[in-house]
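J.: This one is structure_9.cif, mmCIF, C-alpha atoms.
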data_final
#
loop_
_atom_site.label_atom_id
_atom_site.label_comp_id
_atom_site.auth_asym_id
_atom_site.auth_seq_id
_atom_site.Cartn_x
_atom_site.Cartn_y
_atom_site.Cartn_z
CA MET A 297 120.05 84.99 89.59
CA ASN A 298 117.43 86.45 91.91
CA LEU A 299 115.92 89.83 91.10
CA ASN A 300 113.56 91.91 93.19
CA PHE A 301 112.94 95.55 92.40
CA ARG A 302 110.20 98.13 92.69
CA PHE A 303 109.44 100.98 90.32
CA ALA A 304 106.70 103.37 89.30
CA VAL A 305 105.20 104.65 86.06
CA VAL A 306 103.82 108.18 85.72
CA SER A 307 102.63 108.96 82.22
CA ASP A 308 101.48 112.00 80.28
CA PRO A 309 101.80 114.58 83.07
CA HIS A 310 101.48 117.41 80.48
CA ILE A 311 103.34 119.85 82.73
CA GLY A 312 102.26 123.45 82.32
CA LEU A 313 103.61 126.26 84.45
CA PRO A 314 100.74 128.71 85.03
CA HIS A 315 101.97 131.36 82.59
CA THR A 316 102.32 128.75 79.79
CA ILE A 317 98.78 127.37 79.95
CA TRP A 318 96.52 128.41 77.10
CA ASP A 319 92.83 127.68 77.11
CA HIS A 320 90.62 126.14 74.46
CA PRO A 321 86.96 125.31 74.96
CA SER A 322 87.32 121.72 73.76
CA ARG A 323 90.63 120.73 75.39
CA PHE A 324 90.55 117.43 77.24
CA HIS A 325 93.59 118.05 79.42
CA LEU A 326 93.19 119.63 82.85
CA VAL A 327 96.64 121.14 82.56
CA GLU A 328 96.04 123.40 85.54
CA VAL A 329 96.32 120.36 87.84
CA SER A 330 99.51 119.07 86.24
CA ILE A 331 102.00 120.39 88.79
CA PRO A 332 99.94 119.96 91.98
CA ALA A 333 98.98 116.41 90.93
CA LEU A 334 102.58 115.55 90.15
CA GLU A 335 103.75 116.87 93.52
CA ILE A 336 101.19 114.66 95.30
CA VAL A 337 102.47 111.66 93.36
CA PHE A 338 106.10 112.48 94.15
CA LYS A 339 105.30 112.82 97.84
CA HIS A 340 103.81 109.33 97.82
CA LEU A 341 106.56 107.75 95.74
CA ALA A 342 109.28 109.20 97.96
CA LYS A 343 108.00 106.99 100.77
CA LEU A 344 108.21 103.73 98.81
CA ASP A 345 111.94 103.03 98.48
CA LEU A 346 111.67 102.81 94.69
CA ASP A 347 114.50 101.69 92.46
CA PHE A 348 113.46 103.97 89.59
CA LEU A 349 110.63 105.84 87.89
CA LEU A 350 109.53 105.69 84.23
CA LEU A 351 107.82 108.56 82.37
CA PRO A 352 106.67 107.37 78.90
CA GLY A 353 106.22 110.75 77.26
CA ASP A 354 104.01 113.82 76.99
CA LEU A 355 106.00 115.34 79.80
CA THR A 356 104.86 118.85 78.83
CA GLN A 357 101.69 120.29 77.34
CA HIS A 358 103.13 121.83 74.17
CA GLY A 359 106.90 121.35 74.33
CA GLU A 360 107.53 124.70 76.01
CA PRO A 361 111.23 125.17 76.90
CA GLU A 362 110.42 126.46 80.41
CA ASN A 363 108.20 123.45 81.13
CA HIS A 364 110.90 121.01 80.00
CA ALA A 365 113.48 122.84 82.11
CA TRP A 366 111.22 122.92 85.17
CA LEU A 367 110.42 119.22 84.95
CA SER A 368 114.00 118.12 84.39
CA ASP A 369 115.13 120.10 87.44
CA ARG A 370 112.28 118.71 89.54
CA LEU A 371 112.99 115.12 88.51
CA ALA A 372 116.65 115.56 89.43
CA GLN A 373 115.59 116.27 93.02
CA LEU A 374 113.85 112.91 93.51
CA PRO A 375 115.50 110.24 95.67
CA PHE A 376 115.53 107.65 92.84
CA PRO A 377 116.60 107.63 89.17
CA VAL A 378 114.09 108.73 86.52
CA TYR A 379 113.99 107.75 82.86
CA VAL A 380 111.99 109.55 80.17
CA VAL A 381 111.11 109.41 76.47
CA PRO A 382 109.50 112.11 74.30
CA GLY A 383 105.79 112.16 73.52
CA ASN A 384 104.10 113.95 70.66
CA HIS A 385 103.29 116.93 72.89
CA ASP A 386 106.95 117.25 73.92
CA VAL A 387 108.26 117.79 70.38
CA PRO A 388 105.31 119.16 68.35
CA GLN A 389 107.73 120.89 65.96
CA LEU A 390 110.62 119.50 63.97
CA LEU A 391 112.35 122.85 64.42
CA PRO A 392 111.99 125.11 67.46
CA ASN A 393 109.65 128.07 67.31
CA GLU A 394 108.61 130.84 69.69
CA ARG A 395 106.64 128.40 71.87
CA SER A 396 108.15 124.93 71.56
CA ILE A 397 111.47 123.16 71.43
CA GLY A 398 112.44 121.24 68.30
CA LEU A 399 112.75 117.48 68.05
CA ALA A 400 116.55 117.47 68.26
CA ASP A 401 116.49 119.61 71.41
CA PHE A 402 114.76 117.02 73.60
CA PRO A 403 117.74 114.90 74.77
CA SER A 404 119.72 117.91 76.01
CA TYR A 405 116.96 118.71 78.52
CA TYR A 406 117.04 115.21 80.03
CA LEU A 407 120.69 114.26 80.33
CA ARG A 408 119.96 113.54 84.01
CA GLN A 409 116.98 111.34 83.11
CA GLY A 410 118.48 108.63 80.94
CA TYR A 411 119.98 110.36 77.94
CA ASP A 412 123.75 110.24 77.60
CA ASN A 413 124.06 111.49 74.01
CA PRO A 414 122.44 114.86 73.27
CA GLN A 415 122.51 113.99 69.56
CA GLN A 416 120.39 110.83 69.86
CA LEU A 417 116.67 110.60 70.66
CA TYR A 418 116.83 107.06 72.05
CA TYR A 419 119.07 105.30 74.53
CA THR A 420 119.70 102.14 76.49
CA ARG A 421 121.35 101.39 79.78
CA GLU A 422 121.57 98.75 82.48
CA ILE A 423 119.53 100.51 85.15
CA LEU A 424 120.00 97.76 87.75
CA PRO A 425 122.22 94.67 87.75
CA GLY A 426 120.50 92.29 85.35
CA VAL A 427 117.93 94.85 84.15
CA ARG A 428 118.24 96.69 80.83
CA LEU A 429 115.99 99.57 79.81
CA ILE A 430 115.58 100.50 76.14
CA SER A 431 113.97 103.90 75.62
CA LEU A 432 112.70 104.74 72.14
CA ASN A 433 111.55 107.80 70.22
CA SER A 434 108.29 107.18 68.35
CA ASN A 435 107.86 110.74 67.02
CA GLN A 436 108.51 111.23 63.32
CA PHE A 437 108.01 114.06 60.83
CA ASP A 438 107.25 114.21 57.13
CA GLY A 439 109.38 115.88 54.46
CA GLU A 440 107.77 119.24 55.19
CA GLY A 441 108.58 119.05 58.90
CA LYS A 442 105.04 118.21 60.00
CA GLN A 443 104.61 115.70 62.81
CA LEU A 444 103.15 112.41 61.60
CA PRO A 445 99.69 111.61 63.05
CA PHE A 446 100.90 108.22 64.32
CA GLY A 447 104.01 106.77 65.90
CA ARG A 448 106.89 105.22 63.98
CA LEU A 449 110.42 103.98 64.58
CA ASP A 450 112.63 104.98 61.67
CA ASP A 451 115.00 102.55 59.97
CA GLU A 452 118.09 103.88 61.75
CA GLN A 453 116.47 103.40 65.16
CA MET A 454 115.23 99.92 64.24
CA ALA A 455 118.75 98.90 63.19
CA TRP A 456 120.13 100.31 66.45
CA LEU A 457 117.47 98.46 68.43
CA LYS A 458 118.24 95.16 66.71
CA ALA A 459 121.91 95.54 67.61
CA VAL A 460 121.08 96.45 71.24
CA LEU A 461 118.78 93.46 71.63
CA SER A 462 121.35 91.12 70.09
CA ALA A 463 124.03 92.30 72.52
CA ALA A 464 121.84 92.42 75.64
CA ASP A 465 122.65 89.64 78.08
CA GLU A 466 120.53 90.80 81.02
CA PRO A 467 117.72 88.44 82.11
CA VAL A 468 115.26 91.36 82.12
CA VAL A 469 114.88 93.75 79.17
CA MET A 470 112.20 96.44 79.38
CA VAL A 471 111.17 98.84 76.63
CA MET A 472 109.64 102.30 77.02
CA VAL A 473 108.02 104.17 74.12
CA HIS A 474 105.22 106.73 73.92
CA HIS A 475 102.92 105.19 71.29
CA ASN A 476 101.11 101.90 71.87
CA VAL A 477 102.61 98.76 70.33
CA VAL A 478 99.69 96.42 71.08
CA GLU A 479 96.05 97.35 70.50
CA HIS A 480 94.28 98.44 73.69
CA LEU A 481 90.93 99.02 71.98
CA PRO A 482 89.04 96.90 69.42
CA GLY A 483 90.29 97.83 65.95
CA GLN A 484 92.59 100.51 67.34
CA SER A 485 95.12 100.27 64.51
CA ARG A 486 92.40 100.60 61.85
CA HIS A 487 90.06 103.30 63.19
CA SER A 488 90.81 106.95 62.45
CA LEU A 489 90.45 107.83 66.14
CA GLY A 490 92.58 104.94 67.37
CA ARG A 491 95.47 104.56 64.99
CA ARG A 492 96.99 107.93 65.90
CA TYR A 493 97.87 106.36 69.26
CA MET A 494 99.56 103.34 67.69
CA LEU A 495 103.08 102.70 66.48
CA GLU A 496 102.63 102.22 62.74
CA ASN A 497 105.39 99.63 62.50
CA ALA A 498 104.47 97.89 65.74
CA PRO A 499 104.52 94.40 64.10
CA ALA A 500 108.20 94.82 63.21
CA LEU A 501 109.03 95.98 66.73
CA LEU A 502 107.08 93.12 68.31
CA GLU A 503 108.92 90.60 66.15
CA LEU A 504 112.28 91.95 67.31
CA LEU A 505 111.16 91.81 70.94
CA ARG A 506 109.84 88.26 70.55
CA GLN A 507 113.14 87.09 69.10
CA ALA A 508 115.00 88.69 72.01
CA GLY A 509 112.60 87.41 74.69
CA ALA A 510 111.72 90.94 75.86
CA GLN A 511 108.21 90.84 77.33
CA LEU A 512 107.54 94.22 78.94
CA VAL A 513 106.73 97.45 77.09
CA PHE A 514 105.60 100.61 78.90
CA THR A 515 103.61 103.15 76.88
CA GLY A 516 101.39 106.19 77.34
CA HIS A 517 99.63 108.54 74.91
CA LEU A 518 96.18 106.89 75.00
CA HIS A 519 95.29 108.26 78.47
CA VAL A 520 93.74 104.97 79.61
CA GLN A 521 94.60 102.26 82.11
CA ASP A 522 95.09 99.06 80.17
CA VAL A 523 97.29 95.98 79.95
CA ALA A 524 97.30 94.30 76.54
CA GLU A 525 99.16 91.17 75.47
CA ASN A 526 100.42 89.89 72.13
CA HIS A 527 102.10 86.48 72.02
CA GLY A 528 103.67 86.90 75.45
CA ILE A 529 104.57 90.59 75.10
CA TYR A 530 102.71 92.94 77.46
CA ASP A 531 102.02 96.56 76.57
CA ILE A 532 101.29 98.28 79.88
CA THR A 533 99.83 101.69 79.13
CA THR A 534 99.21 104.17 81.91
CA GLY A 535 96.65 106.97 81.95
CA SER A 536 97.44 110.64 82.21
CA LEU A 537 97.82 112.62 85.41
CA VAL A 538 95.80 115.45 83.84
CA SER A 539 92.89 113.26 82.72
CA TYR A 540 90.33 111.19 84.58
CA PRO A 541 91.00 109.13 86.66
CA HIS A 542 94.48 110.70 87.25
CA PRO A 543 96.29 107.37 87.72
CA TYR A 544 99.84 106.20 88.21
CA ARG A 545 101.32 102.76 88.78
CA VAL A 546 103.62 101.10 91.30
CA LEU A 547 105.10 97.79 90.18
CA GLN A 548 107.07 95.02 91.85
CA PHE A 549 109.21 92.68 89.74
CA GLN A 550 110.52 89.37 91.04
CA MET A 551 112.63 86.62 89.50
CA ASP A 552 113.68 83.55 91.45
CA GLY A 553 116.74 81.37 91.06
CA GLN A 554 114.96 79.15 88.53
CA GLY A 555 114.23 82.12 86.27
CA GLN A 556 110.53 82.34 87.08
CA LYS A 557 109.43 85.95 86.64
CA GLN A 558 106.40 87.87 87.80
CA LEU A 559 105.30 91.49 87.76
CA LYS A 560 102.80 92.76 90.31
CA ILE A 561 100.93 95.87 89.17
CA GLU A 562 99.16 98.30 91.49
CA THR A 563 97.27 101.42 90.46
CA HIS A 564 97.01 104.57 92.54
CA ARG A 565 95.07 107.74 91.76
CA VAL A 566 95.19 111.39 92.68
CA ASP A 567 91.85 112.10 94.37
CA ALA A 568 92.22 115.81 95.09
CA VAL A 569 94.40 118.85 94.49
CA PRO A 570 94.17 122.13 96.42
CA ASP A 571 91.84 123.89 93.96
CA MET A 572 89.82 120.77 93.11
CA PRO A 573 88.94 118.80 96.25
CA ALA A 574 86.65 116.51 94.22
CA LEU A 575 89.08 116.01 91.33
CA PRO A 576 87.78 112.67 89.92
CA GLN A 577 84.17 113.82 89.88
CA GLN A 578 85.06 117.13 88.28
CA SER A 579 87.36 115.64 85.67
CA ARG A 580 84.86 112.90 84.81
CA GLU A 581 82.29 115.59 84.07
CA TRP A 582 84.88 117.59 82.15
CA MET A 583 85.49 114.57 79.93
CA GLY A 584 81.78 113.81 79.59
CA GLU A 585 81.01 117.36 78.49
CA ARG A 586 83.56 117.05 75.68
CA SER A 587 82.65 113.54 74.54
CA TYR A 588 79.93 114.36 72.00
CA PRO A 589 82.03 114.82 68.81
CA PHE A 590 84.09 111.71 69.53
CA MET A 591 81.09 109.51 70.20
CA MET A 592 79.43 110.77 67.04
CA ARG A 593 82.52 109.76 65.08
CA LEU A 594 82.47 106.27 66.60
CA LEU A 595 78.84 105.94 65.58
CA THR A 596 79.01 107.44 62.10
CA GLU A 597 82.39 106.18 60.87
CA ALA A 598 83.35 102.61 59.96
CA PRO A 599 82.55 99.98 61.01
CA LEU A 600 79.09 101.18 62.19
CA ASN A 601 78.54 103.91 59.57
CA LEU A 602 75.26 105.07 61.12
CA PRO A 603 73.49 108.04 59.56
CA PRO A 604 73.68 111.05 61.90
CA ALA A 605 69.93 110.91 62.49
CA GLN A 606 70.29 107.37 63.88
CA ALA A 607 73.45 108.15 65.83
CA GLU A 608 72.16 111.26 67.57
CA PRO A 609 69.71 109.53 69.95
CA LEU A 610 72.47 107.17 71.16
CA VAL A 611 75.07 109.77 72.08
CA ALA A 612 73.61 110.65 75.49
CA SER A 613 74.10 107.05 76.66
CA LEU A 614 77.78 107.30 75.69
CA ARG A 615 78.55 110.44 77.68
CA TYR A 616 80.87 108.60 80.10
CA PHE A 617 81.99 105.84 77.71
CA TRP A 618 85.53 107.15 77.31
CA ALA A 619 85.85 107.99 81.00
CA ASP A 620 84.93 104.41 81.87
CA ILE A 621 87.50 103.09 79.40
CA ALA A 622 90.10 105.44 80.87
CA MET A 623 89.41 104.03 84.34
CA GLY A 624 90.29 100.52 83.17
CA ASP A 625 88.55 97.19 83.86
CA ALA A 626 85.30 98.56 82.40
CA MET A 627 82.25 96.37 81.72
CA PHE A 628 79.58 97.75 79.40
CA ASP A 629 75.91 96.95 78.96
CA PHE A 630 74.15 98.67 76.09
CA SER A 631 71.19 96.32 75.90
CA ASP A 632 68.91 99.13 74.70
CA PHE A 633 71.09 99.77 71.61
CA PRO A 634 70.40 98.16 68.21
CA SER A 635 72.17 94.78 68.01
CA PRO A 636 75.17 95.74 65.80
CA VAL A 637 75.78 98.91 67.83
CA ARG A 638 75.42 97.01 71.09
CA ARG A 639 77.96 94.39 70.01
CA TYR A 640 80.40 97.06 68.90
CA PHE A 641 80.41 99.07 72.12
CA GLU A 642 80.20 96.09 74.48
CA ALA A 643 83.35 94.72 72.78
CA PHE A 644 85.25 97.48 74.58
CA SER A 645 84.57 95.71 77.89
CA ALA A 646 87.57 94.36 79.77
CA THR A 647 87.78 90.59 79.42
CA ASP A 648 90.40 89.80 82.03
CA SER A 649 90.29 92.61 84.64
CA ILE A 650 94.04 93.14 84.73
CA ASP A 651 94.16 96.83 83.79
CA ASN A 652 94.70 98.27 87.27
CA HIS A 653 95.70 95.50 89.68
CA ALA A 654 97.23 92.28 88.51
CA THR A 655 100.15 89.90 88.75
CA LEU A 656 101.62 88.91 85.39
CA MET A 657 103.43 85.58 85.22
CA LEU A 658 106.17 86.07 82.62
#
Show me this structure written as structure tokens.
T.:
Amino acid sequence: MNLNFRFAVVSDPHIGLPHTIWDHPSRFHLVEVSIPALEIVFKHLAKLDLDFLLLPGDLTQHGEPENHAWLSDRLAQLPFPVYVVPGNHDVPQLLPNERSIGLADFPSYYLRQGYDNPQQLYYTREILPGVRLISLNSNQFDGEGKQLPFGRLDDEQMAWLKAVLSAADEPVVMVMVHHNVVEHLPGQSRHSLGRRYMLENAPALLELLRQAGAQLVFTGHLHVQDVAENHGIYDITTGSLVSYPHPYRVLQFQMDGQGQKQLKIETHRVDAVPDMPALPQQSREWMGERSYPFMMRLLTEAPLNLPPAQAEPLVASLRYFWADIAMGDAMFDFSDFPSPVRRYFEAFSATDSIDNHATLML
């Protein structure tokens, strides 16, 4: 069976209609560019004869009903099918309140974008002949209704997934989930700053995917461009449209008659919106200006555990550290840092340069 299809990934658009945007001096998200940036992306994608579009969560800034409704209506106007999953920002409350929808409300907003059962937060369908998409919900809440600070697939969803994978007979099975399932940063699943972006029971999910031969997982949440691999399974995470460098992906999948598969990945970026003609430069500075507390935590928490007095002089050199990681394919040189600190931060360098443009042989 020959397969040849083209699709795009747009992640973490954090849609905010103007009247829903609230300001905070330390917010990282440039929510004010969410709609103009998305419209620029849609204009480009409409020219590409795509087979479908994936949106791996954080569709809205704070789960506002009007933002979900606006986005669902806008997605329905596109000339190709769109499939979505919820991110932590989409369902910040277990139960609805005056600002946000509740967890159970999410599917009913996106019955035109993959969901076919308004009572279930995950779904699967054959989106093309020979291609199955499995879309998961990684948002969970504790007994008091508070959102967990990490991703997790509950037991019911894991049992459902095992049954879906066992029954799937398509040669291509793709998974979409908001939280990362493979580490994209050194020690991501162990560090207090990193593990909130991970799926807590990722090892169990990866084992199910390995047994089923499913190799492609599309995630978001981390707001960086990165491709990570674990025993033949690729976690392709895509940065946010409202964060530097405002990326999105266009991908081409091919499988020949002998079953040889490859996925070509291309990255595109939004370089300007009407009110920000120098968007990347402005958003890079925006991120740099807000980097101080995060860099101090990297320096003063495990594994470095530097005293604040030793960490303070190093912070200025790390002003653009996260922005460079977000760009993807970053190479770092901190030769003026003390040896243990140098080794730690240089370990974040890309080792294979496949974060933005690559061809994966599957």
J.: Give me the result of the PyMOL selection byres ((chain A and resi 303) around 7) on this file, residue by residue, as a PyMOL selection string.
T.: chain A and resi 301-302+304+346-349+546-548
J.: Carefully work through the PyMOL selection byres ((chain A and resi 630) around 10) for this structure and note down the residues it includes, as a list of chain:residue names.
T.: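 Those residues are A:Leu610, A:Ser613, A:Leu614, A:Phe628, A:Asp629, A:Ser631, A:Asp632, A:Phe633, A:Pro634, A:Ser635, A:Val637, A:Arg638, A:Arg639, A:Tyr640, A:Phe641, A:Glu642.
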J.: I'd like the contact shell of region 500-508 of chain A - 7 Å cut-off, only C-alpha atoms, skipping same-chain residues fewer than 2 positions apart - returned as a ChimeraX atom specification.
T.: /A:458,461,497-498,510
J.: Fewer than 4 positions away in the same chain doesn't count, so skip those; otherwise give me all residues within 7 Å of Asp354 (chain A), counting all atoms listed in the file, as a PyMOL selection string.
T.: chain A and resi 308-310+382-386
J.: Next, the residues of the selection above should be written as an mmCIF file, keeping the file's coordinate frame with C-alpha atoms.
T.:
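Listing of result_18.cif after writing:
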data_model
loop_
_atom_site.group_PDB
_atom_site.id
_atom_site.type_symbol
_atom_site.label_atom_id
_atom_site.label_comp_id
_atom_site.auth_asym_id
_atom_site.auth_seq_id
_atom_site.Cartn_x
_atom_site.Cartn_y
_atom_site.Cartn_z
ATOM 1 C CA ASP A 308 101.480 112.000 80.280
ATOM 2 C CA PRO A 309 101.800 114.580 83.070
ATOM 3 C CA HIS A 310 101.480 117.410 80.480
ATOM 4 C CA PRO A 382 109.500 112.110 74.300
ATOM 5 C CA GLY A 383 105.790 112.160 73.520
ATOM 6 C CA ASN A 384 104.100 113.950 70.660
ATOM 7 C CA HIS A 385 103.290 116.930 72.890
ATOM 8 C CA ASP A 386 106.950 117.250 73.920
#
J.: For CA of Asp620 (chain A) and CA of Gly584 (chain A), quote the distance in Å rounded to one decimal.
T.: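 One can read the CA of Asp620 (chain A) to CA of Gly584 (chain A) distance as 10.2 Å.
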J.: I need the residue set behind the PyMOL selection byres ((chain A and resi 523) around 6) for this file; please write it as a list in words.
T.: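 On this input, the PyMOL selection byres ((chain A and resi 523) around 6) captures Asp522, Ala524, Asp531, Ile532 and Asp651 of chain A.
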J.: Taking 2 positions as the minimum chain separation for residues in the same chain, which residues sit within 12 Å of Gly353 (chain A) when counting only C-alpha atoms? Answer as a VMD selection string.
T.: chain A and resid 305 to 311 350 to 351 355 to 359 364 379 to 387 402 431 to 435 472 to 476 514 to 519 533 to 537
J.: Which residue gives the smallest distance to Asn526 (chain A) among A:Gln511, A:Gln443, A:Ser539, A:Thr596, with all atoms listed in the file counted?
T.: A:Gln511
J.: Closest to Ala365 (chain A) among A:Arg408, A:Arg486, A:Arg492, A:Lys339, using all atoms listed in the file?
T.: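 For Ala365 (chain A), the nearest of the candidates is A:Arg408.
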J.: From the options A:Asp412, A:Leu390, A:Met623, A:Tyr544, which residue's atoms come nearest to Arg580 (chain A), counting all atoms listed in the file?
T.: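 Selected residue with least distance to Arg580 (chain A): A:Met623.
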J.: Report as a list in words all protein, DNA and RNA residues lying within 7 Å of Lys560 (chain A), evaluated on all atoms listed in the file, omitting residues in the same chain fewer than 2 positions from it.
T.: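 Everything that qualifies: Leu547, Gln548, Phe549, Gln558, Glu562, Ala654, Thr655 and Leu656 of chain A.
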J.: How would the residues just picked look written out with C-alpha atoms as a PDB file, keeping the file's coordinate frame?
T.:
ATOM      1  CA  LEU A 547     105.100  97.790  90.180  1.00  0.00           C
ATOM      2  CA  GLN A 548     107.070  95.020  91.850  1.00  0.00           C
ATOM      3  CA  PHE A 549     109.210  92.680  89.740  1.00  0.00           C
ATOM      4  CA  GLN A 558     106.400  87.870  87.800  1.00  0.00           C
ATOM      5  CA  GLU A 562      99.160  98.300  91.490  1.00  0.00           C
ATOM      6  CA  ALA A 654      97.230  92.280  88.510  1.00  0.00           C
ATOM      7  CA  THR A 655     100.150  89.900  88.750  1.00  0.00           C
ATOM      8  CA  LEU A 656     101.620  88.910  85.390  1.00  0.00           C
TER       9      LEU A 656
END
J.: Could you check the closest approach to Tyr419 (chain A) for each of A:Ser396, A:Gln453, A:Ser485, A:Gln436 and tell me which residue wins, using only C-alpha atoms?
T.: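 Counting only C-alpha atoms, the residue closest to Tyr419 (chain A) is A:Gln453.
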J.: Give me, please, the distance in Å between CA of Pro589 (chain A) and CA of Pro321 (chain A), quoted to one decimal.
T.: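 Atom-to-atom, CA of Pro589 (chain A) and CA of Pro321 (chain A) are spaced 13.1 Å apart.
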J.: How many Å separate CA of Leu313 (chain A) from CA of Asp345 (chain A)?
T.: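 So the two atoms, CA of Leu313 (chain A) and CA of Asp345 (chain A), lie 28.4 Å apart.
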